[in-house]
Protein chains: 2
Amino acid sequence: MKVSLIKIGGNIIDNPSELEKFLTDFSKIEGHKILIHGGGKSATKMAESIGLVPQMIDGRRITDAAMLDVVVMIYAGQINKNIVAQLQAKNNNAIGFSGADGNLIQSTKRNHPTIDYGFVGDVKQVNTSLLATLLENNIVPVFCAITHDKNGQLLNTNADTIASELAIALSQDFDVTLTYCFEKQGVLSDSEDDDSVITEINAELYEKLKAEKVIHSGMIPKLDNCFNSLSKGVQAIKIGHHSMLQNSSILHTTITL
Amino acid sequence: MKVSLIKIGGNIIDNPSELEKFLTDFSKIEGHKILIHGGGKSATKMAESIGLVPQMIDGRRITDAAMLDVVVMIYAGQINKNIVAQLQAKNNNAIGFSGADGNLIQSTKRNHPTIDYGFVGDVKQVNTSLLATLLENNIVPVFCAITHDKNGQLLNTNADTIASELAIALSQDFDVTLTYCFEKQGVLSDSEDDDSVITEINAELYEKLKAEKVIHSGMIPKLDNCFNSLSKGVQAIKIGHHSMLQNSSILHTTITL
């Protein structure tokens, strides 16, 4: 059985008309599907408007208790429930989840020897049997990037990681494709030229592009994540603009081993 | 098959140690169960801290778009997900829901000839087949008081009403008991005397107590709701302190037709 996982980031979340277009494309995907969404800027805006001062340790922003409260209310509340309501209007039977719901994604509070990340969780296990039951009942799960430790503590978790961990876990029972949608058409060979999409990247080319500094900074952890998922059973990974979801002739990047 | 619906109000939500005690009692209830929670004061506090001015029309507070945003993030985000995480720690497989999730509770924006209530919804229908599937999979649904109109709009809805509408809808397939937990031991004959619990109120006694002004103000819509639910198939309704959930000798009020 096939399942399509689609991850969207902050750029789509922050733009209501883009989000609406994305959700229209997403709602037309046939078969089992799961949406994973990031946060966007509204958590930071909310934190500022209630006077929270970002907590920094060693130059690194940490998720303290007050900031966790904000991301839970924005990601799991405002963003997640509005997406669910919009998908319901498009006749997708969406249910919004944090990892705490149904113990779907259990994580462990990050315990780093020198850096205090605060209430940040690394995924430990995915409850695939409940997810399979939901998919079989034609539910469209919509995940925000909040997990829990099964001891009552909610934890902030990277949305790309949630997407890849869900994809890996579901690969045991399903043929999984994972698509990362963002504002560009794919991985670009020239960040100034939106048409310079690299249409296929395999492990060998990836090493070459990293060495040549064509691929750099934020794209490296994203692609490392992709190759990790592929090596653990995910069938196909694509990166690009959501318009490719309903129009396969739109340029995008395919990641292969 | 039996299902227990438990509704808690703001007084428990606003008191973390009381909430913890309640959730311990709730987690020990055997068989199918559903929790419905109200909001408490944190939505009002959040609205104040981001500088929202309560919108009043004809002396009545309305849920405008900004206030709806706040109640969605607080009720469906902060409160709901923290309750879910705490129940997971107590080995109850809780999933948090708004009415939009799974189209579980669809409502209609209130359309009053003279009063503008804003984004307030009156329950139209409950998706009992999905709820039954969830209960059969040993899921413990946890509802916040947010619904949707199936056209993409979230709506603020009274939590007592959600509890009674869920109870009525589930009565078609289950033996439903509905328990309203609050800070008192039940309906009191003397509001100054916490021990003056009226242990049983039937329709005849209710009319008498209203005529004598023993029951008045906020208790009237609550009890009207109860009698409505009983007349529509709910088997039993109790009102009292959550300590009765695990100790049946604790005084409480039972409502009967």
# chains A, B, ... in the order shown; residues from 1 in each chain; ligands from 1
>>> residues_around(residues="Ile168 in chain B", least_positions_apart="3", cutoff="7 Å", atoms="only C-alpha atoms", output="list in words")
Ser164, Glu165, Ser171, Ser229, Lys232, Gly233 and Val234 of chain B
>>> write_last_selection(atoms="C-alpha atoms", output="tab-separated table (two decimals), in the first residue's frame")
chain	number	residue	atom	x	y	z
B	164	SER	CA	-24.44	17.01	26.05
B	165	GLU	CA	-24.52	16.84	22.22
B	171	SER	CA	-26.71	7.28	23.04
B	229	SER	CA	-29.95	15.02	27.27
B	232	LYS	CA	-32.94	12.23	24.21
B	233	GLY	CA	-31.52	8.92	25.39
B	234	VAL	CA	-28.63	9.62	27.78
>>> interface_residues(of="chain B", to="chain A", cutoff="8 Å", atoms="only C-alpha atoms", output="MDAnalysis selection string")
chainID B and resid 49:50 69 72:78 81:82 84:89 93:98 100:103 139 148 150:154
>>> select_by_dssp(residues="range 78-206 of chain B", states="alpha helix (DSSP H)", output="PyMOL selection string")
chain B and resi 80-89+128-136+159-170+203-206
>>> write_last_selection(atoms="C-alpha atoms", output="compact mmCIF listing (two decimals), in the first residue's frame")
# COMPACT_ATOMS: atom_id res chain seq x y z
CA ASN B 80 -5.75 20.23 25.09
CA LYS B 81 -2.21 19.02 24.29
CA ASN B 82 -1.03 19.29 27.89
CA ILE B 83 -4.00 17.21 29.06
CA VAL B 84 -3.27 14.65 26.32
CA ALA B 85 0.41 14.43 27.32
CA GLN B 86 -0.55 13.99 31.00
CA LEU B 87 -3.06 11.23 30.17
CA GLN B 88 -0.45 9.48 28.01
CA ALA B 89 1.86 9.50 31.05
CA THR B 128 -20.49 9.02 15.76
CA SER B 129 -19.17 6.33 13.41
CA LEU B 130 -15.60 7.68 13.56
CA LEU B 131 -15.94 8.18 17.34
CA ALA B 132 -17.08 4.56 17.70
CA THR B 133 -14.08 3.37 15.64
CA LEU B 134 -11.73 5.37 17.88
CA LEU B 135 -13.32 4.02 21.08
CA GLU B 136 -13.12 0.46 19.73
CA ALA B 159 -18.28 23.10 26.43
CA ASP B 160 -21.39 21.99 28.37
CA THR B 161 -23.27 21.89 25.08
CA ILE B 162 -20.52 19.86 23.41
CA ALA B 163 -20.67 17.37 26.28
CA SER B 164 -24.44 17.01 26.05
CA GLU B 165 -24.52 16.84 22.22
CA LEU B 166 -21.81 14.14 22.23
CA ALA B 167 -23.75 12.25 24.92
CA ILE B 168 -27.01 12.45 22.98
CA ALA B 169 -25.41 11.38 19.67
CA LEU B 170 -23.53 8.45 21.23
CA ALA B 203 -38.00 16.81 36.57
CA GLU B 204 -40.74 17.35 39.13
CA LEU B 205 -38.36 18.40 41.91
CA TYR B 206 -36.48 20.62 39.44
>>> atom_distance(atom1="CA of Ser243 in chain A", atom2="CA of Ile220 in chain A")
23.8 Å
>>> closest_residue(among="A:Gly9, A:Glu30, A:Thr44, A:Pro113", to="Gln246 in chain A", atoms="only C-alpha atoms")
A:Glu30
>>> select_by_dssp(residues="range 44-254 of chain A", states="strand (DSSP E or B)", output="VMD selection string")
chain A and resid 55 to 57 60 to 63 94 to 97 105 to 109 118 120 to 126 140 to 143 146 to 148 154 to 156 175 to 181 188 197 200 to 201 236 to 240 253 to 254
>>> write_last_selection(atoms="C-alpha atoms", output="PDB file, in the first residue's frame")
ATOM      1  CA  GLN A  55      16.615  32.783  25.814  1.00  0.00           C
ATOM      2  CA  MET A  56      20.112  32.363  24.442  1.00  0.00           C
ATOM      3  CA  ILE A  57      22.798  30.051  25.820  1.00  0.00           C
ATOM      4  CA  ARG A  60      22.051  29.425  20.669  1.00  0.00           C
ATOM      5  CA  ARG A  61      18.331  30.025  21.009  1.00  0.00           C
ATOM      6  CA  ILE A  62      16.746  27.579  23.429  1.00  0.00           C
ATOM      7  CA  THR A  63      13.162  26.460  23.933  1.00  0.00           C
ATOM      8  CA  ALA A  94      -8.126  15.487   8.274  1.00  0.00           C
ATOM      9  CA  ILE A  95      -7.249  15.016  11.945  1.00  0.00           C
ATOM     10  CA  GLY A  96      -4.575  17.219  13.506  1.00  0.00           C
ATOM     11  CA  PHE A  97      -1.980  15.565  15.705  1.00  0.00           C
ATOM     12  CA  ILE A 105       5.519  10.191  18.085  1.00  0.00           C
ATOM     13  CA  GLN A 106       7.409   9.670  21.315  1.00  0.00           C
ATOM     14  CA  SER A 107      10.664  11.535  21.737  1.00  0.00           C
ATOM     15  CA  THR A 108      13.433  12.016  24.270  1.00  0.00           C
ATOM     16  CA  LYS A 109      14.435  15.403  25.656  1.00  0.00           C
ATOM     17  CA  GLY A 118      15.692  23.290  26.583  1.00  0.00           C
ATOM     18  CA  VAL A 120      13.570  19.976  22.508  1.00  0.00           C
ATOM     19  CA  GLY A 121      12.845  16.357  21.666  1.00  0.00           C
ATOM     20  CA  ASP A 122      14.576  13.838  19.421  1.00  0.00           C
ATOM     21  CA  VAL A 123      12.230  11.228  17.971  1.00  0.00           C
ATOM     22  CA  LYS A 124      12.441   7.862  19.698  1.00  0.00           C
ATOM     23  CA  GLN A 125       9.538   5.889  18.237  1.00  0.00           C
ATOM     24  CA  VAL A 126       6.511   6.148  15.981  1.00  0.00           C
ATOM     25  CA  VAL A 140      -5.640  12.351   6.626  1.00  0.00           C
ATOM     26  CA  PRO A 141      -3.239  12.910   9.550  1.00  0.00           C
ATOM     27  CA  VAL A 142      -1.877  16.460   9.879  1.00  0.00           C
ATOM     28  CA  PHE A 143       1.157  16.656  12.154  1.00  0.00           C
ATOM     29  CA  ILE A 146       5.369  18.941  18.752  1.00  0.00           C
ATOM     30  CA  THR A 147       6.120  15.593  20.373  1.00  0.00           C
ATOM     31  CA  HIS A 148       6.127  14.273  23.973  1.00  0.00           C
ATOM     32  CA  LEU A 154       5.564  18.162  25.493  1.00  0.00           C
ATOM     33  CA  LEU A 155       8.698  18.797  23.415  1.00  0.00           C
ATOM     34  CA  ASN A 156       9.534  21.004  20.426  1.00  0.00           C
ATOM     35  CA  ASP A 175       5.552   2.189   0.004  1.00  0.00           C
ATOM     36  CA  VAL A 176       6.429   5.675   1.192  1.00  0.00           C
ATOM     37  CA  THR A 177       7.172   8.756  -0.876  1.00  0.00           C
ATOM     38  CA  LEU A 178       8.254  11.899   0.938  1.00  0.00           C
ATOM     39  CA  THR A 179       7.949  15.362  -0.598  1.00  0.00           C
ATOM     40  CA  TYR A 180       9.393  18.532   0.900  1.00  0.00           C
ATOM     41  CA  CYS A 181       7.513  21.567  -0.419  1.00  0.00           C
ATOM     42  CA  LEU A 188      19.298  25.073  -7.134  1.00  0.00           C
ATOM     43  CA  VAL A 197      16.987  23.277 -10.575  1.00  0.00           C
ATOM     44  CA  GLU A 200      18.218  14.527  -9.715  1.00  0.00           C
ATOM     45  CA  ILE A 201      20.743  14.189  -6.913  1.00  0.00           C
ATOM     46  CA  ALA A 236      11.337   8.195  -3.143  1.00  0.00           C
ATOM     47  CA  ILE A 237      12.045  11.737  -2.011  1.00  0.00           C
ATOM     48  CA  LYS A 238      11.245  14.941  -3.879  1.00  0.00           C
ATOM     49  CA  ILE A 239      11.995  18.555  -3.069  1.00  0.00           C
ATOM     50  CA  GLY A 240      10.277  21.454  -4.779  1.00  0.00           C
ATOM     51  CA  THR A 253      14.540  17.745  -7.467  1.00  0.00           C
ATOM     52  CA  THR A 254      14.413  13.971  -6.974  1.00  0.00           C
TER      53      THR A 254
END
